Amino acid sequence: MSQQDKVRPGKVQLTRDDFTSKSEPRWCPGCGDYAILAQMKKILPDMGIPRENIIFVSGIGCSSRFPYYMNTYGVHSIHGRAPTIATGIKLANPDLKVFVITGDGDGLSIGGNHFIHLCRRNVDITVILFNNRIYGLTKGQYSPTSLKGQITKSSPYGSLENPFNPILMALASGATFVARTIDRNPKHMIEVFKRAAMHKGTAFVEVYQNCVIFNDGAFADLTKPDTKSERALYMEQGKPYVFGNNRDKSLRWSSNHFEVVPYDENNPDKELMVHDEHSLNPTLEFGLASLSDDPNFPTPLGIFRDVAVDTYEGLLLKQIEFVKQKKGEGDLEKLFHSGNTFYIENK
Amino acid sequence: MEKKESKTLERVTIRFAGDSGDGMQLTGMRFTNTTALEGHELVTLPDYPAEIRAPAGTLFGVSGFQIQISSSEIHTPGDQPDVLVAMNPAALKVNLKLVSDNGILIINSDAFQGRNLALAGYETNPLEDDSLKRYQVFAVPITTLTRRALEGVKLSVKEKDRSKNFFALGMTFWLFTHPLEPTIEWIKEKFKNRPELVEANIKALNAGYNYALSTELFSTTYRVDKAKKAPGKYRNVTGNEALSIGFITAAKKAHKELFLGSYPITPASEILHELSKYRNYDVKTFQAEDEIAGIGAAIGASYAGALGITTTSGPGVALKSEFLGFAVMAELPLVVTNVQRGGPSTGLPTKTEQADLLQALYGRNGEAPMPIIAAKSPADCFSAALEASKIALMFSTPVFLLTDGYIANGSEPWLIPDVDSIPEIEVHYATDPDTFMPYKRDPKTLARMIALPGTPGFEHHIGGLEKDDTGDVAYDPDNHDRMVRLRAEKIERINQYVDQPEINGDPEGELLLISWGSTYGTVFTAIEEIRKRGKKVSWYHLRWIYPFPLSLEKYIHNFKNVLVPEINLGQLVKVIRDRYLVDAKGFNRVRGLPLNTHELVEAIENILQK
Ligand code: SF4
């Protein structure tokens with residue numbers, strides 16, 4: 001009998017503390033990872049998922065120690081490979097709620113191949129990528145999201161490489177839920193996490209995460225009181241893209257690019273485009289994602305995309321049912337005796 | 001005209017050879033099928049080029065299929081073909097050196113002209129000079145005769161020419177007094193959507209048979225008596241098929257779903273193809289984005305409660321090795337099948353070799369012991385898969401299962417076991433959440449406690465970092481030393497739960513042969529030959545290579561000579577020398593082919609004569 005057959009009635013209402021493990025987090029004081037851990041613990045009690053059905057799978061890096069700090073099932077695997085283990089877990093037992101915790105180096109460099117294929121297959125897994133634009137655990141080398149020219153231990157004269165835009169990668173790879181949030185805005189993170197965790201299919205969340213030790217302030221513009229309104233754009237479903245110190249700017253699509261246009265809250269332009277996460281055509285989402293880090297535009301935060309598409313494991317289960325109906329339940333006797341058989345008689 | 005006679009042979013080896021587009025694998029398989037139905041012992045060896053469609057007529061585009069049939073026990077596809085069917089000059093050129101003296105050559109004479117001769121490197125037509133006088137040559141215009149037989153069939157000439165392999169098959173069926181019906185039935189089923197192909201192929205088959213009959217082409221026909229095998233129902237299986245059936249059986253017997261994570265690679269892909277058919281057996285196959293993802297997904301599935309397996313060949317194992325170490329560390333059940341091929345690097349993808357043994361033993365960072373089991377023949381892949389799965393689940397460990405290109409693609413009859421006689425595989429889970437610790441061990445097997453995700457009260461963490469018994473990360477030096485030893489000791493204890501090989505022959509003497517894996521057949525045949533000559537030799541064949549069986553200890557020091565035949569430069573022999581400090585010698589050929597029985601017999605004679 002498998003263990004799942006003997007389910008005990010779980011506690012009715014879980015709390016944040018139910019998700020806190022015995023292990024003391026070992027991140028540097030002030031690291032953005034703490035905020036992410038805290039928000040995750042906040043959303044889980046209300047998700048209605050029994051604790052024993054939740055699994056965190058990670059690779060290697062500062063972020064990947066996350067599973068140890070959650071009082072759930074957890075696998076701290078090897079560098080870059082968390083999506084592969086997570087896929088196996090989900091396919092073997094689709095009842096489990098599977099999270100992948102990864103970073104910019106783990107998820108996009110050594111694990112880049114697995115990341116894009118996970119998105120493409122739309123396995124029902126929630127991926128949280130902590131993007132701090134640096135290798136922290138190995139003590140400060142440039143990562144695939146480090147900016148060109150960034151000075152790091154392995155690029156003392158400036159990085160020569162063009163960075164990946166993780167949102168563009170996820171969109172291009174076919175992720176059905178794509179969002180971005182930031183460590184210093186816990187409220188926003190909670191909303192994004194909740195939506196991501198509830199999504200059926202591969203949900204990708206990029207979290208801008210500050211590494212106080214090796215890349216401090218990388219995203220400060222987006223949260224500092226004096227710059228955040230101009231530099232960050234919080235996308236909201238069905239609403240125009242409004243930003244600016246006086247909420248007086250918006251975005252418009254003009255033939256083949258975005259442009260900034262004035263916005264008057266009291267008299268909004270009826271023609272102004274509004275955000276549609278559910279659009280099946282990702283053209284505008286690509287456009288929006290491309291604005292990140294552009295000095296002439298704000299960096300979008302929030303949900304880029306949220307569309308309903310069949311999950312891989314759903315299709316697999318359907319196929320199994322279909323074949324069972326067509327060929328009958330598998331029977332070893334039949335299996336052994338199929339193919340090229342013959343008798344040798346007793347002489 | 002000579003009087004026709006019928007001769008009964010104990011065993012005979014036939015080789016079909018032609019262009020890779022000539023359908024020689026199919027022809028060989030059909031011949032095999034009928035042979036099996038006739039109740040003969042048989043062993044086959046497909047031998048085909050790595051290129052999917054090599055340029056027609058070239059030497060490297062030659063595809064061959066060899067089968068030995070016998071009325072007594074055999075274990076090899078035969079060293080030397082007694083009959084060679086050569087569809088073109090290149091096929092003759094490549095294979096002639098293998099054919100026994102006075103062997104039969106059935107040759108498509110239509111192909112022996114102009115460009116084809118030049119492509120094969122013949123300056124003169126071998127059918128016209130006396131270079132073939134050591135053989136019985138039957139030059140038949142197969143192409144012309146096939147076209148003639150298919151007059152009136154609505155196919156282009158090019159399409160008609162594709163039926164010529166059936167013409168050749170028809171001739172060989174006559175030569176060996178084999179019936180046509182099974183092949184006719186097969187053709188009807190296979191081409192049921194193309195009635196014109198059914199007609200063409202059946203006509204060509206009949207035409208070949210009738211041609212041999214009515215022209216009295218061959219002065220003799222041959223019979224091989226039914227084999228004196230254990231009575232029962234048999235199924236002809238390739239190693240890859242038997243392996244697939246073995247894994248499905250193991251999963252059913254363990255009441256688990258089977259999960260295969262795999263990436264296509266020659267010569268292991270057939271296992272992926274085969275298992276993908278069995279969705280109704282709760283087999284979940286996952287074609288991953290790369291070798292690493294294949295094993296990663298299998299490990300994930302195993303952790304979540306399935307029987308997780310991955311299948312590959314040497315280059316794939318190289319990519320998977322970091323995950324192998326992870327599975328050793330996390331102590332999760334997993335079976336990794338390596339269908340070995342010629343290496344290193346891409347090497348010889350379609351050829352066979354045993355050169356990945358040291359990779360399986362040592363190819364990981366750190367002290368990362370993994371049990372290794374090797375199948376000895378195509379049918380044996382069934383029980384090897386079953387046993388590997390059982391040990392993986394019982395000891396919560398990744399297990400290497402080694403086969404190779406030869407037994408993966410080769411076939412032999414498998415005595416179909418009674419399903420109920422196969423014991424259940426018991427899997428133990430932690431039952432008490434209060435005392436549960438993920439690295440607490442079963443005192444007998446030392447297997448760690450397993451709790452599946454989804455079980456309330458057993459939430460825990462596993463990972464690649466060193467842990468203490470509680471599952472917490474631990475950097476303590478003594479703990480690490482203890483865990484390293486425990487993981488090694490756990491694998492050693494497998495010896496108490498698997499059969500120890502017994503020695504074949506006297507427990508002491510002049511010469512002991514030690515072998516593993518697919519060389520079983522060659523060694524069996526060589527020893528049979530030596531003993532027929534009235535000489536003595538003993539033999540020890542390993543099934544589990546790690547943990548190394550204990551029973552060898554009893555014998556190995558009782559022999560003057562120890563010889564280890566392998567298709568590599570000497571890998572098991574290193575292990576044996578290391579373990580026992582004996583001066584074991586290797587018999588090594590690395591030609592991408594099974595060992596040659598005659599050569600091995602000679603090597604044994606040389607030692608015995610010393
Ligand atoms: S090195 Fe950076 S990312 Fe890593 S724990 Fe310290 S602050 Fe956080």
# chains A, B, ... in the order shown; residues from 1 in each chain; ligands from 1
$ residues_near_ligand --ligand "ligand 1" --cutoff "8 Å" --atoms "only C-alpha atoms and all ligand atoms" --output "list of chain:residue names"
A:Arg26, A:Trp27, A:Cys28, A:Pro29, A:Gly30, A:Cys31, A:Gly32, A:Asp33, A:Gly61, A:Cys62, A:Ser63, A:Asn132, A:Ile134, A:Tyr135, A:Gly136, A:Leu137, A:Lys139, A:Gly140, A:Gln209, A:Asn210, A:Cys211, A:Val212, A:Ile213, A:Phe214, A:Asn215
$ write_last_selection --atoms "N, CA and C atoms" --output "PDB file, in the first residue's frame"
ATOM      1  N   ARG A  26      20.469  30.861   6.554  1.00  0.00           N
ATOM      2  CA  ARG A  26      21.881  31.248   6.638  1.00  0.00           C
ATOM      3  C   ARG A  26      22.260  32.254   5.576  1.00  0.00           C
ATOM      4  N   TRP A  27      21.300  33.080   5.163  1.00  0.00           N
ATOM      5  CA  TRP A  27      21.653  34.107   4.195  1.00  0.00           C
ATOM      6  C   TRP A  27      22.302  35.280   4.928  1.00  0.00           C
ATOM      7  N   CYS A  28      23.006  36.115   4.176  1.00  0.00           N
ATOM      8  CA  CYS A  28      23.639  37.285   4.797  1.00  0.00           C
ATOM      9  C   CYS A  28      22.546  38.204   5.352  1.00  0.00           C
ATOM     10  N   PRO A  29      22.846  38.856   6.448  1.00  0.00           N
ATOM     11  CA  PRO A  29      21.868  39.819   6.977  1.00  0.00           C
ATOM     12  C   PRO A  29      21.553  40.868   5.920  1.00  0.00           C
ATOM     13  N   GLY A  30      20.266  41.148   5.741  1.00  0.00           N
ATOM     14  CA  GLY A  30      19.880  42.166   4.770  1.00  0.00           C
ATOM     15  C   GLY A  30      19.646  41.622   3.377  1.00  0.00           C
ATOM     16  N   CYS A  31      19.889  40.352   3.161  1.00  0.00           N
ATOM     17  CA  CYS A  31      19.697  39.761   1.839  1.00  0.00           C
ATOM     18  C   CYS A  31      18.217  39.758   1.462  1.00  0.00           C
ATOM     19  N   GLY A  32      17.929  40.011   0.200  1.00  0.00           N
ATOM     20  CA  GLY A  32      16.552  40.031  -0.279  1.00  0.00           C
ATOM     21  C   GLY A  32      15.842  38.694  -0.159  1.00  0.00           C
ATOM     22  N   ASP A  33      16.601  37.636  -0.011  1.00  0.00           N
ATOM     23  CA  ASP A  33      15.994  36.301   0.084  1.00  0.00           C
ATOM     24  C   ASP A  33      15.042  36.183   1.276  1.00  0.00           C
ATOM     25  N   GLY A  61      22.950  27.482  -5.278  1.00  0.00           N
ATOM     26  CA  GLY A  61      23.115  28.936  -5.217  1.00  0.00           C
ATOM     27  C   GLY A  61      22.522  29.413  -3.912  1.00  0.00           C
ATOM     28  N   CYS A  62      22.654  30.708  -3.642  1.00  0.00           N
ATOM     29  CA  CYS A  62      22.103  31.231  -2.383  1.00  0.00           C
ATOM     30  C   CYS A  62      20.612  30.927  -2.304  1.00  0.00           C
ATOM     31  N   SER A  63      19.889  31.230  -3.385  1.00  0.00           N
ATOM     32  CA  SER A  63      18.436  31.048  -3.383  1.00  0.00           C
ATOM     33  C   SER A  63      18.056  29.596  -3.128  1.00  0.00           C
ATOM     34  N   ASN A 132      19.426  38.319  -8.824  1.00  0.00           N
ATOM     35  CA  ASN A 132      20.236  39.354  -8.178  1.00  0.00           C
ATOM     36  C   ASN A 132      21.392  39.795  -9.081  1.00  0.00           C
ATOM     37  N   ILE A 134      24.017  38.372 -10.139  1.00  0.00           N
ATOM     38  CA  ILE A 134      25.379  38.088  -9.673  1.00  0.00           C
ATOM     39  C   ILE A 134      25.429  36.650  -9.166  1.00  0.00           C
ATOM     40  N   TYR A 135      26.608  36.053  -9.152  1.00  0.00           N
ATOM     41  CA  TYR A 135      26.776  34.777  -8.457  1.00  0.00           C
ATOM     42  C   TYR A 135      27.154  35.098  -7.020  1.00  0.00           C
ATOM     43  N   GLY A 136      26.261  34.776  -6.090  1.00  0.00           N
ATOM     44  CA  GLY A 136      26.506  35.084  -4.687  1.00  0.00           C
ATOM     45  C   GLY A 136      27.292  33.989  -3.992  1.00  0.00           C
ATOM     46  N   LEU A 137      26.798  32.756  -4.104  1.00  0.00           N
ATOM     47  CA  LEU A 137      27.379  31.652  -3.344  1.00  0.00           C
ATOM     48  C   LEU A 137      28.853  31.417  -3.687  1.00  0.00           C
ATOM     49  N   LYS A 139      30.742  33.754  -4.587  1.00  0.00           N
ATOM     50  CA  LYS A 139      31.381  34.983  -4.142  1.00  0.00           C
ATOM     51  C   LYS A 139      31.679  36.005  -5.227  1.00  0.00           C
ATOM     52  N   GLY A 140      30.659  36.248  -6.056  1.00  0.00           N
ATOM     53  CA  GLY A 140      30.706  37.495  -6.813  1.00  0.00           C
ATOM     54  C   GLY A 140      31.230  37.496  -8.224  1.00  0.00           C
ATOM     55  N   GLN A 209      15.972  40.676  -6.733  1.00  0.00           N
ATOM     56  CA  GLN A 209      16.411  40.400  -5.361  1.00  0.00           C
ATOM     57  C   GLN A 209      17.764  41.047  -5.126  1.00  0.00           C
ATOM     58  N   ASN A 210      17.826  41.788  -4.077  1.00  0.00           N
ATOM     59  CA  ASN A 210      19.059  42.511  -3.792  1.00  0.00           C
ATOM     60  C   ASN A 210      20.074  41.622  -3.085  1.00  0.00           C
ATOM     61  N   CYS A 211      21.279  41.574  -3.659  1.00  0.00           N
ATOM     62  CA  CYS A 211      22.384  40.902  -2.986  1.00  0.00           C
ATOM     63  C   CYS A 211      23.209  41.994  -2.320  1.00  0.00           C
ATOM     64  N   VAL A 212      23.090  42.078  -0.984  1.00  0.00           N
ATOM     65  CA  VAL A 212      23.747  43.182  -0.272  1.00  0.00           C
ATOM     66  C   VAL A 212      25.259  43.092  -0.340  1.00  0.00           C
ATOM     67  N   ILE A 213      25.751  41.902  -0.549  1.00  0.00           N
ATOM     68  CA  ILE A 213      27.196  41.733  -0.486  1.00  0.00           C
ATOM     69  C   ILE A 213      27.880  42.022  -1.832  1.00  0.00           C
ATOM     70  N   PHE A 214      27.353  41.457  -2.899  1.00  0.00           N
ATOM     71  CA  PHE A 214      28.097  41.527  -4.168  1.00  0.00           C
ATOM     72  C   PHE A 214      27.476  42.411  -5.243  1.00  0.00           C
ATOM     73  N   ASN A 215      26.219  42.826  -5.035  1.00  0.00           N
ATOM     74  CA  ASN A 215      25.598  43.661  -6.072  1.00  0.00           C
ATOM     75  C   ASN A 215      24.555  44.566  -5.441  1.00  0.00           C
TER      76      ASN A 215
END
$ interface_residues --of "chain B" --to "chain A" --cutoff "6 Å" --atoms "only C-alpha atoms" --output "PyMOL selection string"
chain B and resi 37+231-236+279-281+293+296-298+300-301+304+454-456+459-464
$ write_last_selection --atoms "N, CA and C atoms" --output "compact mmCIF listing (two decimals), in the first residue's frame"
# COMPACT_ATOMS: atom_id res chain seq x y z
N LEU B 37 9.65 -20.02 -35.08
CA LEU B 37 8.41 -20.81 -35.14
C LEU B 37 8.71 -22.28 -35.41
N PRO B 231 10.67 -27.81 -22.73
CA PRO B 231 9.39 -27.58 -23.39
C PRO B 231 8.70 -26.36 -22.79
N GLY B 232 7.87 -25.72 -23.59
CA GLY B 232 7.15 -24.56 -23.09
C GLY B 232 6.92 -23.56 -24.20
N LYS B 233 6.39 -22.42 -23.81
CA LYS B 233 6.11 -21.40 -24.80
C LYS B 233 7.26 -20.41 -24.79
N TYR B 234 7.74 -20.12 -25.96
CA TYR B 234 8.87 -19.20 -26.10
C TYR B 234 8.43 -17.96 -26.86
N ARG B 235 9.20 -16.92 -26.67
CA ARG B 235 8.99 -15.71 -27.45
C ARG B 235 10.35 -15.23 -27.90
N ASN B 236 10.46 -14.93 -29.17
CA ASN B 236 11.75 -14.42 -29.64
C ASN B 236 11.85 -12.95 -29.26
N ARG B 279 1.31 2.75 -22.39
CA ARG B 279 0.60 3.69 -21.52
C ARG B 279 -0.46 2.95 -20.68
N ASN B 280 -1.10 1.95 -21.27
CA ASN B 280 -2.16 1.25 -20.52
C ASN B 280 -1.60 0.37 -19.40
N TYR B 281 -0.28 0.25 -19.32
CA TYR B 281 0.34 -0.45 -18.19
C TYR B 281 0.83 0.57 -17.15
N ALA B 293 18.38 15.85 -18.16
CA ALA B 293 16.97 15.97 -17.79
C ALA B 293 16.32 14.60 -17.71
N GLY B 296 17.29 13.29 -14.38
CA GLY B 296 16.71 14.16 -13.36
C GLY B 296 15.23 13.86 -13.15
N ALA B 297 14.51 13.74 -14.26
CA ALA B 297 13.08 13.45 -14.17
C ALA B 297 12.85 12.07 -13.55
N ALA B 298 13.70 11.12 -13.90
CA ALA B 298 13.54 9.77 -13.34
C ALA B 298 13.77 9.80 -11.82
N GLY B 300 13.29 12.44 -9.88
CA GLY B 300 12.13 13.12 -9.31
C GLY B 300 10.95 12.16 -9.18
N ALA B 301 10.71 11.38 -10.23
CA ALA B 301 9.59 10.44 -10.23
C ALA B 301 9.79 9.38 -9.17
N ALA B 304 8.97 10.69 -5.90
CA ALA B 304 7.52 10.84 -5.72
C ALA B 304 6.80 9.50 -5.72
N GLY B 454 3.53 13.83 0.01
CA GLY B 454 2.10 13.61 0.04
C GLY B 454 1.68 12.88 1.31
N THR B 455 2.67 12.39 2.07
CA THR B 455 2.34 11.69 3.31
C THR B 455 2.43 12.67 4.47
N PRO B 456 1.32 12.89 5.16
CA PRO B 456 1.34 13.89 6.24
C PRO B 456 2.23 13.44 7.40
N GLU B 459 7.15 15.30 6.42
CA GLU B 459 7.80 16.33 5.62
C GLU B 459 9.29 16.36 5.97
N HIS B 460 10.12 16.33 4.96
CA HIS B 460 11.57 16.34 5.21
C HIS B 460 12.29 16.85 3.97
N HIS B 461 13.59 17.02 4.13
CA HIS B 461 14.39 17.53 3.02
C HIS B 461 15.46 16.52 2.65
N ILE B 462 15.69 16.39 1.36
CA ILE B 462 16.85 15.61 0.92
C ILE B 462 17.67 16.49 -0.02
N GLY B 463 18.88 16.05 -0.30
CA GLY B 463 19.69 16.87 -1.20
C GLY B 463 21.07 16.31 -1.38
N GLY B 464 21.85 17.06 -2.15
CA GLY B 464 23.19 16.61 -2.49
C GLY B 464 24.24 16.93 -1.44
$ atom_distance --atom1 "CA of Gly170 in chain B" --atom2 "CA of Ile67 in chain B"
16.3 Å
$ residues_around --residues "Ser255 in chain A" --least-positions-apart "3" --cutoff "12 Å" --atoms "only C-alpha atoms" --output "list in words"
Arg252, Phe258, Glu259, Leu284 and Gly287 of chain A
$ atom_distance --atom1 "CA of Leu595 in chain B" --atom2 "CA of Ile567 in chain B"
6.8 Å
$ residues_around --residues "Arg121 in chain A" --least-positions-apart "3" --cutoff "12 Å" --atoms "only C-alpha atoms" --output "number ranges by chain"
A: 83-84, 87, 91, 114-118, 124-125, 170, 173-176, 201-203, 309-316; B: 286-289
$ residues_around --residues "range 531-543 of chain B" --least-positions-apart "4" --cutoff "7 Å" --atoms "only C-alpha atoms" --output "VMD selection string"
chain B and resid 373 to 375 501 to 506 510 to 516 527
$ write_last_selection --atoms "C-alpha atoms" --output "PDB file, in the first residue's frame"
ATOM      1  CA  ILE B 373      24.560  -5.791 -12.836  1.00  0.00           C
ATOM      2  CA  ALA B 374      25.305  -6.995 -16.373  1.00  0.00           C
ATOM      3  CA  ALA B 375      22.941  -8.967 -18.606  1.00  0.00           C
ATOM      4  CA  PRO B 501      27.711 -17.304  -9.198  1.00  0.00           C
ATOM      5  CA  GLU B 502      28.885 -20.900  -9.085  1.00  0.00           C
ATOM      6  CA  ILE B 503      31.943 -22.144 -10.838  1.00  0.00           C
ATOM      7  CA  ASN B 504      31.407 -24.099 -14.033  1.00  0.00           C
ATOM      8  CA  GLY B 505      33.909 -26.988 -14.080  1.00  0.00           C
ATOM      9  CA  ASP B 506      36.459 -28.139 -11.529  1.00  0.00           C
ATOM     10  CA  GLU B 510      45.148 -25.202 -14.996  1.00  0.00           C
ATOM     11  CA  LEU B 511      42.895 -22.404 -16.209  1.00  0.00           C
ATOM     12  CA  LEU B 512      39.990 -20.351 -14.932  1.00  0.00           C
ATOM     13  CA  LEU B 513      38.060 -18.072 -17.278  1.00  0.00           C
ATOM     14  CA  ILE B 514      36.259 -15.116 -15.737  1.00  0.00           C
ATOM     15  CA  SER B 515      33.742 -13.190 -17.799  1.00  0.00           C
ATOM     16  CA  TRP B 516      30.882 -10.735 -17.502  1.00  0.00           C
ATOM     17  CA  ILE B 527      34.600 -23.872 -23.415  1.00  0.00           C
TER      18      ILE B 527
END
$ residues_around --residues "range 271-275 of chain A" --least-positions-apart "2" --cutoff "7 Å" --atoms "only C-alpha atoms" --output "JSON, numbers by chain"
{"A": [235, 236, 237, 238, 239, 240, 241, 252, 269, 277]}
$ write_last_selection --atoms "C-alpha atoms" --output "JSON list (two decimals), in the first residue's frame"
[["chain", "number", "residue", "atom", "x", "y", "z"],
["A", 235, "MET", "CA", 0.90, 46.67, -14.58],
["A", 236, "GLU", "CA", -2.73, 46.09, -13.65],
["A", 237, "GLN", "CA", -5.26, 44.01, -15.50],
["A", 238, "GLY", "CA", -7.66, 46.11, -17.58],
["A", 239, "LYS", "CA", -5.95, 49.36, -16.63],
["A", 240, "PRO", "CA", -3.75, 51.70, -18.64],
["A", 241, "TYR", "CA", -0.01, 51.66, -17.99],
["A", 252, "ARG", "CA", 1.11, 53.80, -26.06],
["A", 269, "ASP", "CA", -7.87, 59.10, -23.06],
["A", 277, "GLU", "CA", -2.73, 39.45, -19.18]]
$ residues_around --residues "Ala603 in chain B" --least-positions-apart "6" --cutoff "10 Å" --atoms "only C-alpha atoms" --output "list in words"
Ala526, Leu563, Pro565, Phe587 and Thr597 of chain B
$ write_last_selection --atoms "N, CA and C atoms" --output "mmCIF file, in the first residue's frame"
data_model
loop_
_atom_site.group_PDB
_atom_site.id
_atom_site.type_symbol
_atom_site.label_atom_id
_atom_site.label_comp_id
_atom_site.auth_asym_id
_atom_site.auth_seq_id
_atom_site.Cartn_x
_atom_site.Cartn_y
_atom_site.Cartn_z
ATOM 1 N N ALA B 526 33.222 -21.468 -26.567
ATOM 2 C CA ALA B 526 34.650 -21.798 -26.584
ATOM 3 C C ALA B 526 34.947 -22.928 -25.601
ATOM 4 N N LEU B 563 42.181 -16.201 -17.010
ATOM 5 C CA LEU B 563 42.038 -15.446 -18.265
ATOM 6 C C LEU B 563 40.679 -14.742 -18.258
ATOM 7 N N PRO B 565 38.293 -12.730 -20.710
ATOM 8 C CA PRO B 565 37.984 -12.222 -22.047
ATOM 9 C C PRO B 565 37.019 -11.045 -21.964
ATOM 10 N N PHE B 587 42.029 -11.324 -22.367
ATOM 11 C CA PHE B 587 41.912 -11.653 -23.790
ATOM 12 C C PHE B 587 41.031 -10.560 -24.353
ATOM 13 N N THR B 597 34.725 -16.805 -31.331
ATOM 14 C CA THR B 597 34.911 -18.040 -30.566
ATOM 15 C C THR B 597 36.224 -18.744 -30.915
#
$ atom_distance --atom1 "CA of Phe218 in chain B" --atom2 "CA of Phe138 in chain B"
8.0 Å
$ closest_residue --among "B:Asn102, B:Val237, B:Leu572, B:Glu387" --to "Leu415 in chain B" --atoms "only C-alpha atoms"
B:Val237
$ closest_residue --among "B:Thr445, B:Asn95, B:Gln571, B:Thr27" --to "Ala392 in chain B" --atoms "only C-alpha atoms"
B:Thr445
$ select_by_dssp --residues "range 422-564 of chain B" --states "alpha helix (DSSP H)" --output "JSON, numbers by chain"
{"B": [477, 478, 479, 480, 481, 482, 483, 484, 485, 486, 487, 488, 489, 490, 491, 492, 520, 521, 522, 523, 524, 525, 526, 527, 528, 529, 530, 531, 532, 552, 553, 554, 555, 556]}
$ decode --residues "range 203-217 of chain A" --atoms "N, CA and C atoms" --output "PDB file, in the first residue's frame"
ATOM      1  N   ALA A 203       4.239  28.417 -14.241  1.00  0.00           N
ATOM      2  CA  ALA A 203       4.157  29.818 -13.843  1.00  0.00           C
ATOM      3  C   ALA A 203       5.566  30.294 -13.525  1.00  0.00           C
ATOM      4  N   PHE A 204       5.945  31.367 -14.168  1.00  0.00           N
ATOM      5  CA  PHE A 204       7.293  31.877 -13.958  1.00  0.00           C
ATOM      6  C   PHE A 204       7.240  33.241 -13.280  1.00  0.00           C
ATOM      7  N   VAL A 205       7.936  33.370 -12.159  1.00  0.00           N
ATOM      8  CA  VAL A 205       8.010  34.659 -11.474  1.00  0.00           C
ATOM      9  C   VAL A 205       9.479  35.050 -11.329  1.00  0.00           C
ATOM     10  N   GLU A 206       9.815  36.186 -11.905  1.00  0.00           N
ATOM     11  CA  GLU A 206      11.150  36.734 -11.672  1.00  0.00           C
ATOM     12  C   GLU A 206      11.049  37.683 -10.488  1.00  0.00           C
ATOM     13  N   VAL A 207      11.892  37.445  -9.476  1.00  0.00           N
ATOM     14  CA  VAL A 207      11.913  38.358  -8.334  1.00  0.00           C
ATOM     15  C   VAL A 207      13.227  39.124  -8.381  1.00  0.00           C
ATOM     16  N   TYR A 208      13.134  40.432  -8.514  1.00  0.00           N
ATOM     17  CA  TYR A 208      14.342  41.247  -8.402  1.00  0.00           C
ATOM     18  C   TYR A 208      14.785  41.190  -6.946  1.00  0.00           C
ATOM     19  N   GLN A 209      15.972  40.676  -6.733  1.00  0.00           N
ATOM     20  CA  GLN A 209      16.411  40.400  -5.361  1.00  0.00           C
ATOM     21  C   GLN A 209      17.764  41.047  -5.126  1.00  0.00           C
ATOM     22  N   ASN A 210      17.826  41.788  -4.077  1.00  0.00           N
ATOM     23  CA  ASN A 210      19.059  42.511  -3.792  1.00  0.00           C
ATOM     24  C   ASN A 210      20.074  41.622  -3.085  1.00  0.00           C
ATOM     25  N   CYS A 211      21.279  41.574  -3.659  1.00  0.00           N
ATOM     26  CA  CYS A 211      22.384  40.902  -2.986  1.00  0.00           C
ATOM     27  C   CYS A 211      23.209  41.994  -2.320  1.00  0.00           C
ATOM     28  N   VAL A 212      23.090  42.078  -0.984  1.00  0.00           N
ATOM     29  CA  VAL A 212      23.747  43.182  -0.272  1.00  0.00           C
ATOM     30  C   VAL A 212      25.259  43.092  -0.340  1.00  0.00           C
ATOM     31  N   ILE A 213      25.751  41.902  -0.549  1.00  0.00           N
ATOM     32  CA  ILE A 213      27.196  41.733  -0.486  1.00  0.00           C
ATOM     33  C   ILE A 213      27.880  42.022  -1.832  1.00  0.00           C
ATOM     34  N   PHE A 214      27.353  41.457  -2.899  1.00  0.00           N
ATOM     35  CA  PHE A 214      28.097  41.527  -4.168  1.00  0.00           C
ATOM     36  C   PHE A 214      27.476  42.411  -5.243  1.00  0.00           C
ATOM     37  N   ASN A 215      26.219  42.826  -5.035  1.00  0.00           N
ATOM     38  CA  ASN A 215      25.598  43.661  -6.072  1.00  0.00           C
ATOM     39  C   ASN A 215      24.555  44.566  -5.441  1.00  0.00           C
ATOM     40  N   ASP A 216      24.958  45.224  -4.392  1.00  0.00           N
ATOM     41  CA  ASP A 216      23.995  45.991  -3.593  1.00  0.00           C
ATOM     42  C   ASP A 216      23.385  47.111  -4.423  1.00  0.00           C
ATOM     43  N   GLY A 217      22.081  47.261  -4.301  1.00  0.00           N
ATOM     44  CA  GLY A 217      21.393  48.383  -4.930  1.00  0.00           C
ATOM     45  C   GLY A 217      21.086  48.188  -6.399  1.00  0.00           C
TER      46      GLY A 217
END
